[in-house]
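Everything below concerns the one structure shown next.
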Amino acid sequence: MNRPVAAASCPFAFFAFLFLSSIDADPETRVCNATHEYACSNRKCISRALTNNSVNDCDDNSDEVVNPCRSPLYSCWNDRCIMMAWVLDGNNDCIDGSDEVKLIGSPCHMIKNCCRCHDYVPHSECHNGLCRCSHGYFRNDLGTKCHQRLVGGAVCEKEEDCRITIENSSCVANQCRCDAGFYSSDDRSRCIRRTVGDVCNSTADCVTVEKSHCGANATCDCIAGHTGSFSSSSSSSFSSSSCVPVLIDDTCRADGDCLAPSGVCRDRRCACPAGYYATASRDVCVRRLLGDACVTDDDCSSVIDDGVCARGGGGGGGRCACPNGRLATAATRDRSRQTCVADNSGRDIAVVATGIFVISCLVVFDVFVIVWMFRNFVDRSKTRRLNIFNP
């Protein structure tokens, strides 16, 4: 509301103003030292360095205006003079709001719309009847400004003091610190996510880069079989904030770039060594066995002794097989090397047949001998009987 100002046209207000102006605010106030002090209208002495600093150091605001009012009135910025009792009462009596100027620590009324804390001190708020800096900000010495907190800067008490203005930060040991995987910007106002190639002190610093570690050069590097420095052919987009696997047929620079344990870098592409083929996931190379698909004889002979790539009549690829006249050894569970051996099945049959014939002959001979011996025994027995009955 607009209240009547001192020295108004009303005779009563005019004489009241003269009466109040004649009253010495504090007869015992000392005389100010003009060399380095400023004499307020209420005869309070302040340092000249405190004048025009946006802070009402005189209490009557006379140190912040060109034409101050006489004590005990309050000096508005627009040269109006109002009663001291109207200052900071929630009403804009000066019209320009200078009687309601808020500092950090000034009384405030959350239910009033006029002259809110942040109208005068940006990034401030009214809390429990007093103006304070919002979370993420801290006051200057005068209480006229709220500065954004910086990494490693002003004291913090809770997570909100840091996180609201500095993303990915925490209050650690009463100071704002960047979270693991982030580092401070040069002006300390931001926490920047680490990417491949950024400086690190330990692997924990690289936690935001998946499949990475802090390498020998004290930078975040991808682990073996992954890359963050060039694009994978299996990915349409690439981000240095992650390490992608280098699969069979992906671009590579050295054998160690390939994820497949036995993979090799051939013509700047990951490939399986001779005799191996890639699984559907392209991250493992599997040894060929007899019956597996092949294109050339080398696909088979490099892992199967004397193996060949047998092609069907329709052309195209074939299957690993043993050449004519050879048989394969059984494959083990771990798909270890197979061997094609000579086919000796015909000779084995002949040997078996000969053995059977010999055994049969021996059996017949034994039977013949037994029969002969038996008949010889019978004949001798008859002869003895005849000699007994015919002496």
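The chains in the structure tokens are called A, B, ... from first to last as shown; in each chain the residues are counted from 1, and the ligands are counted from 1 in the order shown.
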
Within 9 Å of Leu150 in chain A, counting only C-alpha atoms, which residues show up once you throw out same-chain ones fewer than 6 positions away? Write them as a list in words, please.
Gly136, Tyr137, Cys162, Thr165, Ile166, Gln175, Cys176, Arg177, Asp187, Arg188, Ser189 and Arg190 of chain A

All residues 12 Å or closer to Thr279 in chain A, only C-alpha atoms, same chain fewer than 3 positions away omitted, as a VMD selection string
chain A and resid 247 to 249 260 263 271 to 272 276 282 to 288

Output file for the residues above (N, CA, C and O atoms, as a PDB file, in the first residue's frame):
```
ATOM      1  N   LEU A 247      34.338 -57.428 -33.233  1.00  0.00           N
ATOM      2  CA  LEU A 247      33.933 -58.769 -33.621  1.00  0.00           C
ATOM      3  C   LEU A 247      34.588 -59.174 -34.940  1.00  0.00           C
ATOM      4  O   LEU A 247      35.251 -58.365 -35.598  1.00  0.00           O
ATOM      5  N   ILE A 248      34.389 -60.427 -35.317  1.00  0.00           N
ATOM      6  CA  ILE A 248      34.891 -60.907 -36.597  1.00  0.00           C
ATOM      7  C   ILE A 248      34.270 -60.076 -37.717  1.00  0.00           C
ATOM      8  O   ILE A 248      33.067 -59.812 -37.723  1.00  0.00           O
ATOM      9  N   ASP A 249      35.100 -59.598 -38.645  1.00  0.00           N
ATOM     10  CA  ASP A 249      34.754 -58.726 -39.778  1.00  0.00           C
ATOM     11  C   ASP A 249      34.749 -57.250 -39.399  1.00  0.00           C
ATOM     12  O   ASP A 249      34.539 -56.401 -40.269  1.00  0.00           O
ATOM     13  N   ALA A 260      37.495 -62.180 -30.280  1.00  0.00           N
ATOM     14  CA  ALA A 260      37.604 -63.638 -30.352  1.00  0.00           C
ATOM     15  C   ALA A 260      38.994 -64.068 -29.891  1.00  0.00           C
ATOM     16  O   ALA A 260      40.002 -63.548 -30.374  1.00  0.00           O
ATOM     17  N   GLY A 263      41.154 -64.933 -32.707  1.00  0.00           N
ATOM     18  CA  GLY A 263      41.000 -64.063 -33.855  1.00  0.00           C
ATOM     19  C   GLY A 263      42.304 -63.376 -34.237  1.00  0.00           C
ATOM     20  O   GLY A 263      43.164 -63.116 -33.399  1.00  0.00           O
ATOM     21  N   ALA A 271      39.514 -61.607 -38.297  1.00  0.00           N
ATOM     22  CA  ALA A 271      39.143 -62.827 -38.999  1.00  0.00           C
ATOM     23  C   ALA A 271      39.538 -64.029 -38.156  1.00  0.00           C
ATOM     24  O   ALA A 271      40.374 -63.932 -37.250  1.00  0.00           O
ATOM     25  N   CYS A 272      38.927 -65.178 -38.474  1.00  0.00           N
ATOM     26  CA  CYS A 272      39.310 -66.423 -37.808  1.00  0.00           C
ATOM     27  C   CYS A 272      40.522 -67.000 -38.541  1.00  0.00           C
ATOM     28  O   CYS A 272      40.642 -66.855 -39.763  1.00  0.00           O
ATOM     29  N   TYR A 276      39.287 -72.431 -39.005  1.00  0.00           N
ATOM     30  CA  TYR A 276      38.282 -72.045 -38.005  1.00  0.00           C
ATOM     31  C   TYR A 276      37.171 -71.245 -38.691  1.00  0.00           C
ATOM     32  O   TYR A 276      37.381 -70.647 -39.748  1.00  0.00           O
ATOM     33  N   ARG A 282      29.744 -63.907 -33.751  1.00  0.00           N
ATOM     34  CA  ARG A 282      30.994 -63.347 -34.283  1.00  0.00           C
ATOM     35  C   ARG A 282      32.022 -63.028 -33.199  1.00  0.00           C
ATOM     36  O   ARG A 282      32.944 -62.260 -33.429  1.00  0.00           O
ATOM     37  N   ASP A 283      31.889 -63.603 -32.026  1.00  0.00           N
ATOM     38  CA  ASP A 283      32.843 -63.332 -30.958  1.00  0.00           C
ATOM     39  C   ASP A 283      33.688 -64.549 -30.595  1.00  0.00           C
ATOM     40  O   ASP A 283      34.516 -64.485 -29.692  1.00  0.00           O
ATOM     41  N   VAL A 284      33.483 -65.676 -31.294  1.00  0.00           N
ATOM     42  CA  VAL A 284      34.239 -66.900 -31.028  1.00  0.00           C
ATOM     43  C   VAL A 284      34.590 -67.554 -32.360  1.00  0.00           C
ATOM     44  O   VAL A 284      33.776 -67.580 -33.294  1.00  0.00           O
ATOM     45  N   CYS A 285      35.818 -68.095 -32.453  1.00  0.00           N
ATOM     46  CA  CYS A 285      36.241 -68.866 -33.622  1.00  0.00           C
ATOM     47  C   CYS A 285      36.281 -70.346 -33.237  1.00  0.00           C
ATOM     48  O   CYS A 285      36.903 -70.713 -32.227  1.00  0.00           O
ATOM     49  N   VAL A 286      35.606 -71.199 -34.027  1.00  0.00           N
ATOM     50  CA  VAL A 286      35.467 -72.622 -33.713  1.00  0.00           C
ATOM     51  C   VAL A 286      36.284 -73.460 -34.699  1.00  0.00           C
ATOM     52  O   VAL A 286      36.255 -73.225 -35.921  1.00  0.00           O
ATOM     53  N   ARG A 287      37.023 -74.468 -34.186  1.00  0.00           N
ATOM     54  CA  ARG A 287      37.824 -75.365 -35.036  1.00  0.00           C
ATOM     55  C   ARG A 287      36.891 -76.232 -35.896  1.00  0.00           C
ATOM     56  O   ARG A 287      35.897 -76.766 -35.422  1.00  0.00           O
ATOM     57  N   ARG A 288      37.249 -76.374 -37.182  1.00  0.00           N
ATOM     58  CA  ARG A 288      36.447 -77.214 -38.068  1.00  0.00           C
ATOM     59  C   ARG A 288      36.674 -78.692 -37.778  1.00  0.00           C
ATOM     60  O   ARG A 288      37.784 -79.116 -37.441  1.00  0.00           O
TER      61      ARG A 288
END
```

Which residues are close to range 216-230 of chain A, i.e. within 6 Å by only C-alpha atoms, leaving aside same-chain residues fewer than 3 positions away? Reply as a count of residues only.
17

Selection near His147 in chain A, 9 Å with only C-alpha atoms, sequence-local residues under 5 positions removed, as a PDB file with N, CA, C and O atoms, in the first residue's frame:
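Saved the output as result-v6.pdb:
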```pdb
ATOM      1  N   HIS A 123      18.793 -16.046  -6.922  1.00  0.00           N
ATOM      2  CA  HIS A 123      19.096 -17.385  -6.407  1.00  0.00           C
ATOM      3  C   HIS A 123      18.947 -17.450  -4.883  1.00  0.00           C
ATOM      4  O   HIS A 123      19.656 -18.198  -4.221  1.00  0.00           O
ATOM      5  N   CYS A 133      20.290 -18.175   0.661  1.00  0.00           N
ATOM      6  CA  CYS A 133      20.638 -18.606  -0.687  1.00  0.00           C
ATOM      7  C   CYS A 133      20.007 -19.972  -0.967  1.00  0.00           C
ATOM      8  O   CYS A 133      19.923 -20.818  -0.073  1.00  0.00           O
ATOM      9  N   GLY A 136      22.681 -25.008  -3.670  1.00  0.00           N
ATOM     10  CA  GLY A 136      23.612 -24.904  -4.778  1.00  0.00           C
ATOM     11  C   GLY A 136      24.297 -23.556  -4.857  1.00  0.00           C
ATOM     12  O   GLY A 136      25.163 -23.345  -5.704  1.00  0.00           O
ATOM     13  N   TYR A 137      23.929 -22.635  -3.947  1.00  0.00           N
ATOM     14  CA  TYR A 137      24.527 -21.297  -3.929  1.00  0.00           C
ATOM     15  C   TYR A 137      24.973 -20.957  -2.507  1.00  0.00           C
ATOM     16  O   TYR A 137      24.484 -21.531  -1.535  1.00  0.00           O
ATOM     17  N   PHE A 138      25.897 -19.999  -2.390  1.00  0.00           N
ATOM     18  CA  PHE A 138      26.350 -19.543  -1.076  1.00  0.00           C
ATOM     19  C   PHE A 138      26.450 -18.018  -1.110  1.00  0.00           C
ATOM     20  O   PHE A 138      26.663 -17.397  -2.160  1.00  0.00           O
ATOM     21  N   ARG A 139      26.318 -17.377   0.057  1.00  0.00           N
ATOM     22  CA  ARG A 139      26.286 -15.922   0.147  1.00  0.00           C
ATOM     23  C   ARG A 139      27.689 -15.336   0.144  1.00  0.00           C
ATOM     24  O   ARG A 139      28.667 -15.974   0.538  1.00  0.00           O
ATOM     25  N   ASN A 140      27.770 -14.078  -0.333  1.00  0.00           N
ATOM     26  CA  ASN A 140      29.034 -13.363  -0.185  1.00  0.00           C
ATOM     27  C   ASN A 140      29.083 -12.748   1.210  1.00  0.00           C
ATOM     28  O   ASN A 140      28.145 -12.865   1.997  1.00  0.00           O
TER      29      ASN A 140
END
```

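Taking only C-alpha atoms into account, Asp186 in chain A lies nearest to A:Val151 out of the set A:Val151, A:Cys131, A:Ile164, A:Cys117.
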
Please give the complete set of residues from range 90-296 of chain A that DSSP, run on the backbone, assigns to helix (DSSP H, G or I), formatted as a count of residues only.
18
